[in-house]
Structures are given as structure tokens and as C-alpha cells.
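Colleague: upload31.cif is reproduced in full below (mmCIF, C-alpha atoms).
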```cif
data_coords
loop_
_atom_site.label_atom_id
_atom_site.label_comp_id
_atom_site.auth_asym_id
_atom_site.auth_seq_id
_atom_site.Cartn_x
_atom_site.Cartn_y
_atom_site.Cartn_z
CA MET L 183 25.34 -214.27 184.58
CA ALA L 184 25.42 -213.59 180.88
CA GLU L 185 22.12 -214.37 179.37
CA VAL L 186 23.14 -216.45 176.45
CA ASN L 187 20.73 -219.29 177.08
CA THR L 188 21.28 -222.43 175.22
CA GLY L 189 18.10 -224.04 176.38
CA GLY L 190 18.92 -226.48 179.10
CA GLY L 191 18.18 -230.13 179.61
CA GLU L 192 14.68 -230.57 178.28
CA GLU L 193 14.86 -229.70 174.67
CA LYS L 194 11.65 -229.77 172.76
CA LYS L 195 11.83 -231.20 169.37
CA GLY L 196 10.85 -229.10 166.40
CA LYS L 197 10.95 -225.79 168.13
CA PRO L 198 13.90 -223.53 167.33
CA LYS L 199 16.05 -222.68 170.26
CA LYS L 200 15.42 -219.29 171.74
CA ILE L 201 18.70 -217.53 172.13
CA SER L 202 18.66 -214.33 174.09
CA LEU L 203 21.45 -212.02 173.04
CA ARG L 204 21.33 -209.80 176.09
CA VAL L 205 24.69 -209.61 177.78
CA ASP L 206 24.89 -208.57 181.40
CA PHE L 207 27.08 -205.51 181.65
CA THR L 208 27.16 -205.33 185.44
CA PRO L 209 30.64 -206.81 185.91
CA MET L 210 31.94 -204.55 183.18
CA VAL L 211 30.53 -201.52 184.95
CA ASP L 212 32.03 -202.74 188.23
CA MET L 213 35.44 -203.01 186.69
CA ASN L 214 35.18 -199.61 185.03
CA MET L 215 34.17 -198.00 188.27
CA LEU L 216 37.19 -199.50 189.97
CA LEU L 217 39.48 -198.22 187.25
CA ILE L 218 37.92 -194.77 187.42
CA THR L 219 38.48 -194.61 191.17
CA PHE L 220 42.08 -195.64 190.64
CA PHE L 221 42.72 -192.93 188.07
CA MET L 222 40.91 -190.30 190.09
CA PHE L 223 43.08 -190.95 193.11
CA CYS L 224 46.22 -191.11 191.04
CA THR L 225 45.69 -187.76 189.41
CA THR L 226 44.71 -185.76 192.46
CA LEU L 227 46.86 -187.33 195.10
CA SER L 228 50.04 -187.63 193.11
CA LYS L 229 50.70 -183.91 193.19
CA PRO L 230 52.93 -183.29 196.16
CA GLN L 231 52.67 -180.31 198.44
CA THR L 232 55.48 -177.83 198.69
CA MET L 233 56.66 -175.41 201.28
CA ASP L 234 58.41 -172.32 200.00
CA ILE L 235 61.46 -170.98 201.75
CA VAL L 236 63.76 -168.15 200.95
CA LEU L 237 67.35 -168.23 202.09
CA PRO L 238 69.50 -165.15 202.40
CA THR L 239 72.02 -164.35 199.70
CA LYS L 240 75.56 -165.15 200.71
CA ASN L 241 78.05 -162.32 201.35
CA ILE L 242 76.40 -159.45 199.58
CA GLU L 243 79.14 -157.07 198.60
CA GLY L 244 78.89 -153.60 200.06
CA LEU L 245 76.52 -154.67 202.81
CA LYS L 246 78.03 -153.61 206.08
CA GLU L 247 77.17 -155.14 209.37
CA GLU L 248 75.34 -152.09 210.63
CA ASP L 249 73.12 -152.13 207.55
CA GLN L 250 71.69 -155.49 208.45
CA SER L 251 68.52 -155.07 210.36
CA LEU L 252 68.85 -156.59 213.77
CA ALA L 253 65.94 -158.27 215.39
CA PRO L 254 64.64 -156.41 218.43
CA GLU L 255 65.71 -158.27 221.52
CA SER L 256 62.32 -158.49 223.14
CA LYS L 257 60.74 -160.17 220.14
CA SER L 258 63.39 -162.51 218.91
CA ILE L 259 63.58 -166.21 219.57
CA THR L 260 66.55 -168.28 218.50
CA LEU L 261 66.00 -171.96 217.88
CA ILE L 262 68.95 -174.31 217.70
CA LEU L 263 68.00 -177.60 216.11
CA GLY L 264 70.16 -180.15 217.84
CA GLU L 265 70.79 -183.85 217.63
CA GLU L 266 68.27 -186.60 218.38
CA ASN L 267 65.23 -184.40 217.81
CA LYS L 268 66.19 -181.89 220.46
CA VAL L 269 65.60 -178.18 220.14
CA TYR L 270 67.33 -175.53 222.20
CA TYR L 271 66.00 -172.01 222.35
CA TYR L 272 66.66 -168.69 223.96
CA PHE L 273 64.94 -165.34 223.88
CA GLY L 274 66.68 -162.15 222.89
CA LYS L 275 70.41 -162.02 223.29
CA PRO L 276 72.33 -165.05 224.48
CA LYS L 277 73.51 -164.96 228.08
CA PHE L 278 76.80 -166.77 228.15
CA ASP L 279 77.31 -166.78 231.90
CA ASP L 280 73.88 -168.20 232.70
CA TYR L 281 73.43 -171.65 231.25
CA THR L 282 69.77 -171.82 232.24
CA SER L 283 68.91 -169.12 229.70
CA LEU L 284 69.12 -171.79 227.02
CA LYS L 285 66.18 -174.15 227.27
CA GLU L 286 65.74 -177.58 225.82
CA THR L 287 62.55 -178.89 224.25
CA ASP L 288 61.35 -181.16 221.44
CA TYR L 289 59.14 -181.11 218.35
CA SER L 290 56.08 -182.55 220.07
CA PRO L 291 52.91 -180.43 220.29
CA ASN L 292 53.66 -179.76 223.95
CA GLY L 293 57.19 -178.64 223.26
CA LEU L 294 58.11 -176.16 220.61
CA ARG L 295 54.57 -175.39 219.54
CA THR L 296 53.34 -174.49 222.98
CA MET L 297 56.32 -172.23 223.54
CA LEU L 298 55.87 -170.44 220.23
CA ALA L 299 52.13 -170.14 220.63
CA GLU L 300 52.60 -168.59 224.06
CA ARG L 301 55.05 -166.04 222.78
CA ASN L 302 52.91 -165.28 219.78
CA GLU L 303 49.61 -165.55 221.64
CA LYS L 304 47.77 -162.56 220.22
CA ILE L 305 48.44 -163.41 216.59
CA VAL L 306 47.75 -167.11 217.05
CA LYS L 307 44.36 -166.32 218.57
CA GLU L 308 43.36 -163.96 215.80
CA MET L 309 44.56 -166.31 213.10
CA THR L 310 42.67 -169.24 214.62
CA GLN L 311 39.49 -167.20 214.59
CA LEU L 312 40.16 -166.21 210.99
CA ARG L 313 40.69 -169.83 209.94
CA ILE L 314 37.42 -170.85 211.60
CA ASP L 315 35.65 -168.10 209.70
CA ARG L 316 37.15 -169.32 206.47
CA ALA L 317 36.17 -172.90 207.18
CA LYS L 318 32.59 -171.76 207.79
CA LYS L 319 32.68 -169.83 204.52
CA LYS L 320 32.02 -166.54 206.30
CA ILE L 321 34.88 -164.87 204.48
CA SER L 322 36.33 -165.43 201.06
CA GLU L 323 39.85 -166.59 200.28
CA GLU L 324 40.96 -163.08 199.28
CA VAL L 325 39.66 -161.52 202.45
CA PHE L 326 41.40 -164.25 204.41
CA LYS L 327 44.72 -163.46 202.78
CA GLU L 328 44.37 -159.73 203.31
CA LYS L 329 43.37 -160.07 206.92
CA SER L 330 46.03 -162.61 207.77
CA GLU L 331 48.68 -160.29 206.41
CA GLU L 332 47.29 -157.48 208.51
CA ILE L 333 47.29 -159.61 211.63
CA LYS L 334 50.84 -160.75 211.09
CA LYS L 335 52.02 -157.15 210.99
CA ASP L 336 51.02 -156.74 214.60
CA GLU L 337 53.53 -155.21 217.00
CA SER L 338 53.79 -158.34 219.07
CA ALA L 339 54.91 -160.41 216.08
CA GLN L 340 57.86 -162.60 216.95
CA ILE L 341 60.99 -162.99 214.92
CA VAL L 342 62.41 -166.48 214.90
CA ILE L 343 65.93 -167.39 213.92
CA ILE L 344 66.36 -171.05 213.08
CA LYS L 345 69.85 -172.44 213.40
CA PRO L 346 70.12 -176.09 212.42
CA THR L 347 73.23 -177.87 213.63
CA ASP L 348 74.96 -180.43 211.46
CA ALA L 349 73.57 -183.18 213.66
CA ALA L 350 69.98 -182.23 212.89
CA THR L 351 68.05 -184.02 210.15
CA TYR L 352 66.14 -182.55 207.26
CA LYS L 353 62.91 -183.54 208.97
CA ASN L 354 63.86 -181.38 211.94
CA LEU L 355 64.22 -178.37 209.69
CA VAL L 356 60.89 -178.96 207.97
CA ASP L 357 59.23 -179.55 211.35
CA ALA L 358 60.60 -176.28 212.63
CA LEU L 359 59.45 -174.44 209.53
CA ASP L 360 56.11 -176.11 209.90
CA GLU L 361 55.75 -174.80 213.45
CA MET L 362 56.26 -171.32 212.01
CA ALA L 363 53.27 -171.90 209.74
CA ILE L 364 51.18 -173.35 212.54
CA CYS L 365 52.00 -170.60 215.00
CA SER L 366 51.61 -167.91 212.32
CA VAL L 367 55.14 -166.62 212.62
CA SER L 368 55.70 -164.74 209.41
CA ARG L 369 59.18 -163.48 210.06
CA TYR L 370 61.78 -166.19 210.38
CA ALA L 371 65.15 -166.97 208.91
CA VAL L 372 67.32 -170.03 208.55
CA VAL L 373 70.84 -169.13 209.57
CA ASP L 374 74.01 -171.15 209.99
CA MET L 375 75.36 -171.95 213.44
CA ALA L 376 77.91 -169.57 214.89
CA ASP L 377 80.63 -170.38 217.42
CA ALA L 378 78.63 -168.64 220.10
CA ASP L 379 75.71 -171.00 219.56
CA ASN L 380 77.88 -174.08 219.88
CA TYR L 381 79.28 -172.59 223.05
CA LEU L 382 75.80 -172.09 224.47
CA VAL L 383 74.77 -175.68 223.79
CA GLU L 384 77.98 -177.05 225.26
CA ASN L 385 77.51 -174.83 228.28
CA LEU L 386 74.03 -176.22 228.85
CA LYS L 387 75.24 -179.80 228.51
CA THR L 388 77.99 -179.25 231.06
CA LYS L 389 75.59 -177.30 233.28
CA GLY L 390 77.60 -174.13 233.21
CA ALA L 391 80.99 -175.71 233.70
CA LEU L 392 82.18 -174.42 230.36
CA SER L 393 81.49 -170.79 231.14
CA THR L 394 83.74 -170.99 234.21
CA GLN L 395 86.58 -172.44 232.16
CA ALA L 396 86.54 -170.75 228.78
CA PRO L 397 85.43 -167.26 227.87
CA ALA L 398 82.53 -166.85 225.44
CA PRO L 399 83.42 -166.40 221.79
CA LYS L 400 82.79 -163.02 220.27
CA ASN L 401 80.39 -163.82 217.45
CA MET G 22 -11.59 -221.26 187.38
CA SER G 23 -9.19 -218.93 185.82
CA LYS G 24 -5.71 -218.72 187.10
CA VAL G 25 -4.57 -215.30 188.16
CA LYS G 26 -1.47 -214.77 186.26
CA VAL G 27 1.23 -212.90 188.07
CA LYS G 28 3.12 -210.82 185.64
CA LYS G 29 6.71 -211.87 185.58
CA GLN G 30 8.75 -208.76 186.01
CA SER G 31 12.30 -208.99 184.92
CA THR G 32 14.82 -207.62 187.41
CA PHE G 33 17.35 -207.38 184.68
CA ILE G 34 18.50 -203.80 184.30
CA ASP G 35 20.13 -202.81 181.11
CA MET G 36 23.64 -201.79 182.05
CA THR G 37 24.76 -200.82 178.57
CA ALA G 38 24.13 -197.12 179.06
CA MET G 39 25.84 -197.16 182.43
CA SER G 40 28.78 -198.93 180.91
CA ASP G 41 28.99 -196.28 178.19
CA VAL G 42 29.20 -193.53 180.75
CA THR G 43 31.86 -195.25 182.83
CA VAL G 44 33.99 -195.96 179.80
CA LEU G 45 33.79 -192.31 178.80
CA LEU G 46 34.81 -191.19 182.26
CA LEU G 47 37.57 -193.73 182.31
CA THR G 48 38.97 -192.46 179.03
CA PHE G 49 38.89 -188.91 180.37
CA PHE G 50 40.78 -189.78 183.53
CA MET G 51 43.28 -191.92 181.67
CA LEU G 52 44.07 -189.12 179.24
CA THR G 53 44.38 -186.42 181.89
CA ALA G 54 46.37 -188.52 184.34
CA THR G 55 49.93 -187.45 184.90
CA PHE G 56 52.01 -190.07 186.53
CA LEU G 57 54.77 -189.58 189.01
CA PRO G 58 58.18 -189.56 187.39
CA LYS G 59 60.26 -192.62 188.02
CA GLU G 60 62.82 -191.95 190.68
CA PRO G 61 66.04 -193.89 191.18
CA VAL G 62 65.74 -193.73 194.94
CA GLN G 63 62.73 -193.96 197.16
CA VAL G 64 62.39 -190.82 199.20
CA ILE G 65 60.01 -190.33 202.10
CA THR G 66 59.35 -186.63 202.38
CA PRO G 67 58.56 -185.03 205.72
CA ALA G 68 55.04 -183.82 206.46
CA SER G 69 53.93 -180.22 206.67
CA VAL G 70 50.71 -178.25 206.90
CA SER G 71 51.55 -176.28 203.77
CA GLU G 72 48.98 -176.68 201.02
CA THR G 73 50.78 -175.14 198.06
CA LYS G 74 50.99 -177.50 195.11
CA ILE G 75 54.04 -178.00 192.99
CA PRO G 76 53.72 -176.40 189.53
CA GLU G 77 53.24 -178.68 186.56
CA ALA G 78 56.12 -177.66 184.38
CA ASN G 79 59.26 -175.55 184.56
CA VAL G 80 60.44 -177.23 187.71
CA MET G 81 63.82 -178.65 188.47
CA THR G 82 63.56 -181.12 191.31
CA ILE G 83 66.68 -181.82 193.29
CA LEU G 84 66.35 -185.21 194.87
CA ILE G 85 68.49 -185.93 197.91
CA ASP G 86 68.55 -189.42 199.38
CA PRO G 87 69.52 -190.27 202.98
CA LYS G 88 73.06 -191.14 201.94
CA GLY G 89 73.53 -187.74 200.39
CA ARG G 90 73.33 -188.73 196.74
CA VAL G 91 71.85 -186.03 194.55
CA PHE G 92 69.68 -186.59 191.49
CA LEU G 93 68.11 -184.01 189.25
CA ASN G 94 64.78 -184.16 187.53
CA LEU G 95 64.34 -181.47 184.91
CA ASN G 96 60.66 -181.06 184.16
CA ASP G 97 60.95 -178.60 181.34
CA PRO G 98 60.35 -180.47 178.08
CA GLU G 99 60.70 -177.42 175.85
CA HIS G 100 64.19 -176.52 176.93
CA LYS G 101 65.64 -179.87 177.85
CA GLU G 102 67.62 -180.36 174.67
CA GLU G 103 68.99 -176.85 174.76
CA VAL G 104 70.24 -177.40 178.29
CA LEU G 105 72.10 -180.49 177.19
CA LYS G 106 73.58 -178.67 174.20
CA ASN G 107 74.91 -175.90 176.43
CA ILE G 108 76.39 -178.44 178.81
CA GLY G 109 78.00 -180.17 175.85
CA LYS G 110 79.62 -176.92 174.77
CA ASP G 111 81.14 -176.39 178.22
CA TYR G 112 82.50 -179.90 178.37
CA ASN G 113 83.44 -180.27 174.68
CA LEU G 114 81.01 -183.08 174.17
CA ASN G 115 78.96 -183.64 171.06
CA PHE G 116 75.66 -185.40 171.35
CA THR G 117 74.10 -187.36 168.54
CA LYS G 118 70.42 -187.10 167.72
CA LYS G 119 69.82 -190.45 169.34
CA GLN G 120 71.53 -189.38 172.54
CA MET G 121 69.45 -186.19 172.58
CA ASP G 122 66.28 -188.25 172.36
CA SER G 123 67.50 -190.51 175.09
CA PHE G 124 68.15 -187.49 177.30
CA TYR G 125 64.70 -186.13 176.51
CA ASN G 126 63.10 -189.31 177.82
CA LEU G 127 65.39 -189.54 180.81
CA THR G 128 63.64 -188.69 184.07
CA SER G 129 66.59 -188.47 186.42
CA ILE G 130 70.00 -187.01 185.83
CA GLY G 131 72.37 -188.82 188.14
CA VAL G 132 75.72 -189.60 186.55
CA PRO G 133 78.80 -187.45 185.99
CA ILE G 134 78.50 -185.42 182.78
CA LYS G 135 81.55 -187.05 181.22
CA SER G 136 80.00 -190.50 181.38
CA LEU G 137 76.88 -189.38 179.50
CA VAL G 138 78.78 -189.95 176.26
CA GLY G 139 80.93 -193.01 175.74
CA SER G 140 84.60 -192.92 175.00
CA ASP G 141 87.09 -195.36 173.49
CA GLY G 142 84.38 -197.49 172.00
CA LYS G 143 82.56 -197.88 175.29
CA PRO G 144 78.90 -196.92 175.16
CA GLY G 145 77.93 -193.81 177.14
CA PHE G 146 75.05 -193.57 179.56
CA LEU G 147 72.79 -192.07 176.90
CA ASP G 148 73.47 -194.94 174.49
CA LEU G 149 72.03 -197.53 176.82
CA THR G 150 68.45 -198.74 176.95
CA MET G 151 66.07 -197.35 179.55
CA ILE G 152 66.26 -200.51 181.65
CA GLN G 153 70.04 -200.40 181.73
CA GLN G 154 69.93 -196.71 182.61
CA ASP G 155 67.63 -197.40 185.55
CA GLU G 156 70.00 -200.08 186.76
CA ILE G 157 72.99 -197.74 186.59
CA LEU G 158 71.13 -194.89 188.29
CA LYS G 159 70.22 -197.11 191.22
CA ASN G 160 73.89 -197.73 192.00
CA SER G 161 75.40 -194.48 190.80
CA PRO G 162 76.83 -191.94 193.23
CA GLY G 163 74.49 -189.30 191.82
CA VAL G 164 75.36 -185.89 190.46
CA PRO G 165 78.80 -184.94 191.80
CA THR G 166 78.51 -182.16 194.34
CA ASP G 167 81.19 -180.27 196.11
CA THR G 168 80.98 -177.90 198.98
CA ILE G 169 82.90 -175.29 197.09
CA LEU G 170 81.91 -173.90 193.75
CA SER G 171 84.25 -175.53 191.28
CA ALA G 172 84.15 -177.33 187.96
CA ASN G 173 83.58 -180.50 189.94
CA ASN G 174 80.33 -179.27 191.36
CA GLN G 175 78.12 -180.50 188.57
CA LEU G 176 74.97 -179.72 190.48
CA ALA G 177 75.87 -176.07 190.02
CA VAL G 178 76.64 -176.68 186.35
CA TRP G 179 73.24 -178.20 185.70
CA VAL G 180 71.33 -175.60 187.66
CA LYS G 181 73.18 -172.78 185.95
CA ALA G 182 72.61 -174.27 182.50
CA ALA G 183 68.93 -174.80 183.16
CA ARG G 184 68.56 -171.30 184.57
CA ASN G 185 70.30 -169.69 181.58
CA VAL G 186 67.87 -171.31 179.20
CA ASN G 187 64.71 -170.79 181.18
CA GLU G 188 64.23 -167.76 183.40
CA ASN G 189 61.02 -168.99 184.96
CA LEU G 190 62.49 -172.21 186.20
CA GLN G 191 61.57 -173.06 189.77
CA LEU G 192 63.71 -175.12 192.07
CA ALA G 193 62.17 -177.80 194.22
CA ILE G 194 64.10 -179.75 196.80
CA LYS G 195 62.90 -183.21 197.62
CA ALA G 196 64.89 -184.78 200.39
CA ASP G 197 64.30 -187.78 202.58
CA GLN G 198 63.24 -186.96 206.11
CA GLY G 199 66.23 -188.79 207.53
CA THR G 200 68.79 -186.87 205.50
CA PRO G 201 71.34 -185.20 207.75
CA TYR G 202 71.09 -181.43 207.63
CA LEU G 203 74.74 -181.22 206.65
CA THR G 204 73.96 -182.76 203.25
CA VAL G 205 71.04 -180.46 202.66
CA LYS G 206 73.16 -177.53 203.76
CA ASN G 207 75.73 -178.32 201.09
CA VAL G 208 73.04 -178.24 198.43
CA PHE G 209 71.61 -175.01 199.86
CA SER G 210 75.05 -173.50 199.92
CA THR G 211 75.74 -174.43 196.30
CA LEU G 212 72.48 -172.85 195.25
CA GLN G 213 73.11 -169.76 197.33
CA ASP G 214 76.43 -169.33 195.57
CA LEU G 215 74.50 -169.27 192.31
CA LYS G 216 72.22 -166.60 193.79
CA GLU G 217 69.28 -168.98 193.84
CA ASN G 218 67.50 -168.17 197.06
CA ARG G 219 63.97 -169.35 196.53
CA TYR G 220 63.13 -173.01 196.74
CA SER G 221 60.11 -175.15 197.30
CA LEU G 222 60.58 -177.99 199.71
CA VAL G 223 58.50 -180.96 198.67
CA THR G 224 56.46 -182.29 201.57
CA THR G 225 53.48 -184.51 202.17
CA LEU G 226 50.33 -183.01 203.56
CA ARG G 227 49.33 -183.30 207.16
CA GLY G 228 46.35 -181.74 208.82
CA MET G 229 46.42 -178.55 210.81
CA PRO G 230 46.51 -179.48 214.52
CA GLU G 231 43.44 -178.80 216.63
CA GLY G 232 43.09 -175.37 218.09
CA TYR G 233 45.33 -173.44 215.71
#
```
Using the file provided, produce a representation of the structure as C-alpha cells.
Modeller:
Amino acid sequence: MAEVNTGGGEEKKGKPKKISLRVDFTPMVDMNMLLITFFMFCTTLSKPQTMDIVLPTKNIEGLKEEDQSLAPESKSITLILGEENKVYYYFGKPKFDDYTSLKETDYSPNGLRTMLAERNEKIVKEMTQLRIDRAKKKISEEVFKEKSEEIKKDESAQIVIIKPTDAATYKNLVDALDEMAICSVSRYAVVDMADADNYLVENLKTKGALSTQAPAPKN
Amino acid sequence: MSKVKVKKQSTFIDMTAMSDVTVLLLTFFMLTATFLPKEPVQVITPASVSETKIPEANVMTILIDPKGRVFLNLNDPEHKEEVLKNIGKDYNLNFTKKQMDSFYNLTSIGVPIKSLVGSDGKPGFLDLTMIQQDEILKNSPGVPTDTILSANNQLAVWVKAARNVNENLQLAIKADQGTPYLTVKNVFSTLQDLKENRYSLVTTLRGMPEGY
């Protein structure tokens, strides 16, 4: 490779050896390119993504129960993140005497996402169109932000309450939050489980047997 | 008869200039590269479609491993020493200059505060070499956390100290995807008690599904 010729077999007497001092840099360039690629990937890919969440402040003093804004029944969905990647959900207020009001699903695209997208159909459609426009560079990033905020203010916007049980994993929570982003649900909250929610899940598991035995808890 | 001489064309391309350019680029990337901080536990974060990037400085990362151990990574070089000083005041500990430097270079906080400094002739955590520190961190129970806000909840102590020194500090939570929610809830609850309600959850990127 390197062109430092030392002549070879048939040396001619008397003539000085011709030594070429040209060094082939190709392997050096190859190696540098490899190193550059390595550093390029390391710098850009090492920065992890984040997802911002805001949790409610605990026990604000002076805040009475009637001051807390209640989600309108027709628009609220309550998700209970259960064990073994199960999700239970109900719309509006819980119906304690009817165990079928609580439905069971999972985190697959056909489960939770389809349900949320159906409930939030109008906004999902508009947002999808908006994202396509952005991808085609029809609208700028600022316009996209403005418009998406406008869309999310729509009357049909759903309010989702996420209640992770202790048996759920962290992945379940992030998956659920992720579905909010995918289905363009802008109003959601992570809330602790209440007795009533445990009762609902138990009632579903026993197919309504619990509601005939024990009365529903108050909260 | 004259021989037609075919000119011998050399296929040898001078790569020197090319090499110069690549070396320059290489130097640039090497100097700008920021490497991932060393973490005592390997954590596989869950995936999300969120594209927000984590800020470069002023971040306190709370690392939670599947067993529920908690480690802290304070990425705030300007205020790091001040944080330690304030902690020392609360716990009546005095840190030497050498221990301060050791803390400055430490990536993960993961031992009880009391064992940072040695006692009765025993060397403290900050007196050890980096390799020894790594070894201890791997087997340590992490920062002591409690469900209730007490002096034993050192996660709260650290977060409070870091917040007092730097107002713009952001909290990031990096937990393994298999961590039970109960563990994460305890951390959330501690932070909520401190009136810290805004966190960034560290995730890996996944593509937006088709049709949304």
C-alpha cells in the first residue's frame, strides 16, 4: 500500500535507488471517517427524549371540594391501569350496580388507542391533517402550534383521568400518557386510586357478585 | 517502426487533503461531544412519541431502578459545591477541600448522607477513589427514601437543597420500564410534598403510529 519502494529484486548497479516518499493516506482517511461517524452518532443520539407531566399539588389549604372543577360527565373517561398490562375504563360517572359499565382493554393499538381515538374523533382527525401539513412543509412550526392549541380547545375535547393501581408498572403509566399524546388529548390528570375504583375492578372480576354483597363505597 | 507509447496514468489519488479535512472534523466532534453520565444501574426507559429533549444543564435526574433504589444525578456544576455545603450544615458535617472535589466529580449520589464522610478513622465515601465509589454504588441501597416526609427521607433533603440554591433547576425522572408504579408513586409523593409538581419523564423515542 504505502509507496515506499525499496527497489525490488533486480537491483541495477551504480544507479541510486529511487525512493518515493509518497504515503498512501487512504486507510487513514477510512479510519477517520469511522471515528467521525462514531462521534456524530454519540452526540446526537445520546440526548434522551423527555415527556413533561404536571401532577396536582397535594392538599391545598383552603381549597374546598366544591371549588375543584369537576369534569363534565359526558366528556370524561377514567382509565384504571391494572395489573398484567390490563386497562379498565369507564365513561362519565361510575355505575356501581352494573359491572358491565367498566370495560377491560390493553395497551395495544387496537385497545386503548382505538377507544380514545373514537371518543376524540373530531380532534384526532383535525390533528392528523395538521401533522400531514407540517410534514409537507405547508405550514410552519409556529402555525402548527397555534392551530393545534385551537383544535384542542374544541367542545368535544375529552377529559381523561388516569388512575394507576399499585400493580401497574411505570411503563404502563408512560404508555397511557403516550396515548394521550397520540390521540391529542390535552386535558388529562394522573390521580391516585380511590376505594370506589378498587370496588369497580373487583366487581368486574367477580362479574357483579360484589355489588350484590357489599354496598358501594362513598368516595 | 515507432512504438506508440501509452501514457502511464497513475491512479494514485493524493489523500493528504482529504485526511486533513477528516481530522479537522474529527477534532470538532470530539470536542463538542458530551458523553452520557456513568450510571450505577442500567435502566431501560419506556418509549414515547414525545420529542422534547432534555436540557443540557440545571437538571436533577432521579434514577429509579426496578428494585426501587433511587439515585440522584445533579447536573448543575456551578452550584454543586454549594448544595453539598448546605447539606453539611443540616447534618453537622464538615467537608474538606478534597472531599468537595470528589463530590464535584461524582456523577451519582446514592449513599446515605452520613456515610459521605468517614467517622472513627474509617474513610468516608468521598475519600475513596472513583473506582471504589463505583463499586460501592453498584451495591448500595441508593438514596434513602421514605413514604412520609421525615429526616430519613434524604431524597427530599437533596431535592430541597438543590432547589434552594438554584431556582431554575428542572427535575427529570428516569425509571426503568419494569419499575412497579408503587415505587414511582412514592417518589412522586415525596416531590409533591415539596411542592414540586413539574417533572420530565425520560423516555426513548418511538415513531408516531400510522394514521395519527
Colleague: Please enumerate the residues selected by the PyMOL selection byres ((chain L) within 7 of (chain G)) when evaluated against the supplied file, formatted as number ranges by chain.
Modeller: L: 206-208, 210-211, 214-215, 217-218, 221-222, 225, 228-240, 306, 310, 348-353, 356, 360, 364
Colleague: Have a look at atom CA of Tyr112 of chain G and atom CA of Lys59 of chain G and let me know their distance in Å, one decimal.
Modeller: 27.4 Å
Colleague: Between atom CA of Ile130 of chain G and atom CA of Asn113 of chain G, what is the distance in Å, rounded to a tenth?
Modeller: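 Between atom CA of Ile130 of chain G and atom CA of Asn113 of chain G the gap is 18.7 Å.
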Colleague: Show me, as a PyMOL selection string, the residues that have an atom within 12 Å of Glu361 of chain L when counting all atoms listed in the file, minus same-chain residues fewer than 4 positions from it.
Modeller: (chain L and resi 261+288-299+302+306+342+344+354-357+365-368+370) or (chain G and resi 68-71+229-230+233)
Colleague: How far is it from atom CA of Ile262 of chain L to atom CA of Ile65 of chain G, in Å with one decimal?
Modeller: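 Taking atom CA of Ile262 of chain L as the start and atom CA of Ile65 of chain G as the end point, the length is 24.1 Å.
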Colleague: Excluding Gly264 of chain L and its own-chain neighbours fewer than 3 positions away, which residues fall within 6 Å of it when counting all atoms listed in the file? Please give them as a PyMOL selection string.
Modeller: chain L and resi 268-269+347+350
Colleague: Pull out every residue that the PyMOL selection byres ((chain L and resi 312) around 10) matches in the shown coordinates and put them as a PyMOL selection string.
Modeller: chain L and resi 306-311+313-318+320-321+325-327+329-330+333
Colleague: Rank nothing, just name the residue among G:Asp122, G:Asp97, G:Asp155, G:Asp86 nearest to Val62 of chain G, using all atoms listed in the file.
Modeller: G:Asp86
Colleague: Which of these, G:Ser31, G:Asn174, G:Thr128, G:Gln153, has the shortest distance to Thr82 of chain G once you count all atoms listed in the file?
Modeller: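 Nearest candidate to Thr82 of chain G out of G:Ser31, G:Asn174, G:Thr128, G:Gln153: G:Thr128.
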Colleague: Translate the PyMOL selection byres ((chain G and resi 134) around 9) into a concrete residue list for this structure, as a PyMOL selection string.
Modeller: chain G and resi 108-109+112+131-133+135-138+164+175
Colleague: Using all atoms listed in the file, pick whichever of L:Leu263, L:Met362, L:Val205, L:Ile305 has the shortest atom-to-atom distance to Thr287 of chain L.
Modeller: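 Ranking L:Leu263, L:Met362, L:Val205, L:Ile305 by distance to Thr287 of chain L, first place goes to L:Leu263.
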Colleague: If you take every atom of segment 101-112 of chain G that the file lists and fit an axis-aligned box around them with 5 Å extra on each side, what centre and edge lengths come out in Å to one decimal, as lines of an AutoDock Vina configuration file?
Modeller:
```
center_x = 74.1
center_y = -178.2
center_z = 176.5
size_x = 26.9
size_y = 14.6
size_z = 14.6
```
Colleague: List every protein, DNA or RNA residue that has at least one atom no more than 12 Å from (78.2, -194.6, 174.7) in the file's coordinates, counting all atoms listed in the file, and write the result as a list in words.
Modeller: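 Protein and nucleic acid residues near the point are Leu114, Asn115, Phe116, Thr117, Lys119, Gln120, Ser123, Lys135, Ser136, Leu137, Val138, Gly139, Ser140, Asp141, Gly142, Lys143, Pro144, Gly145, Phe146, Leu147, Asp148, Leu149, Thr150 and Gln154 of chain G.
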Colleague: Leaving out Tyr271 of chain L and any residue of its chain fewer than 6 positions from it, which residues lie within 7 Å of it when counting only C-alpha atoms, given as a PDB file with C-alpha atoms, keeping the file's coordinate frame?
Modeller:
```pdb
ATOM      1  CA  ILE L 259      63.580-166.210 219.570  1.00  0.00           C
ATOM      2  CA  THR L 260      66.550-168.280 218.500  1.00  0.00           C
ATOM      3  CA  LEU L 261      66.000-171.960 217.880  1.00  0.00           C
ATOM      4  CA  ILE L 262      68.950-174.310 217.700  1.00  0.00           C
ATOM      5  CA  LEU L 284      69.120-171.790 227.020  1.00  0.00           C
ATOM      6  CA  LYS L 285      66.180-174.150 227.270  1.00  0.00           C
ATOM      7  CA  GLU L 286      65.740-177.580 225.820  1.00  0.00           C
TER       8      GLU L 286
END
```
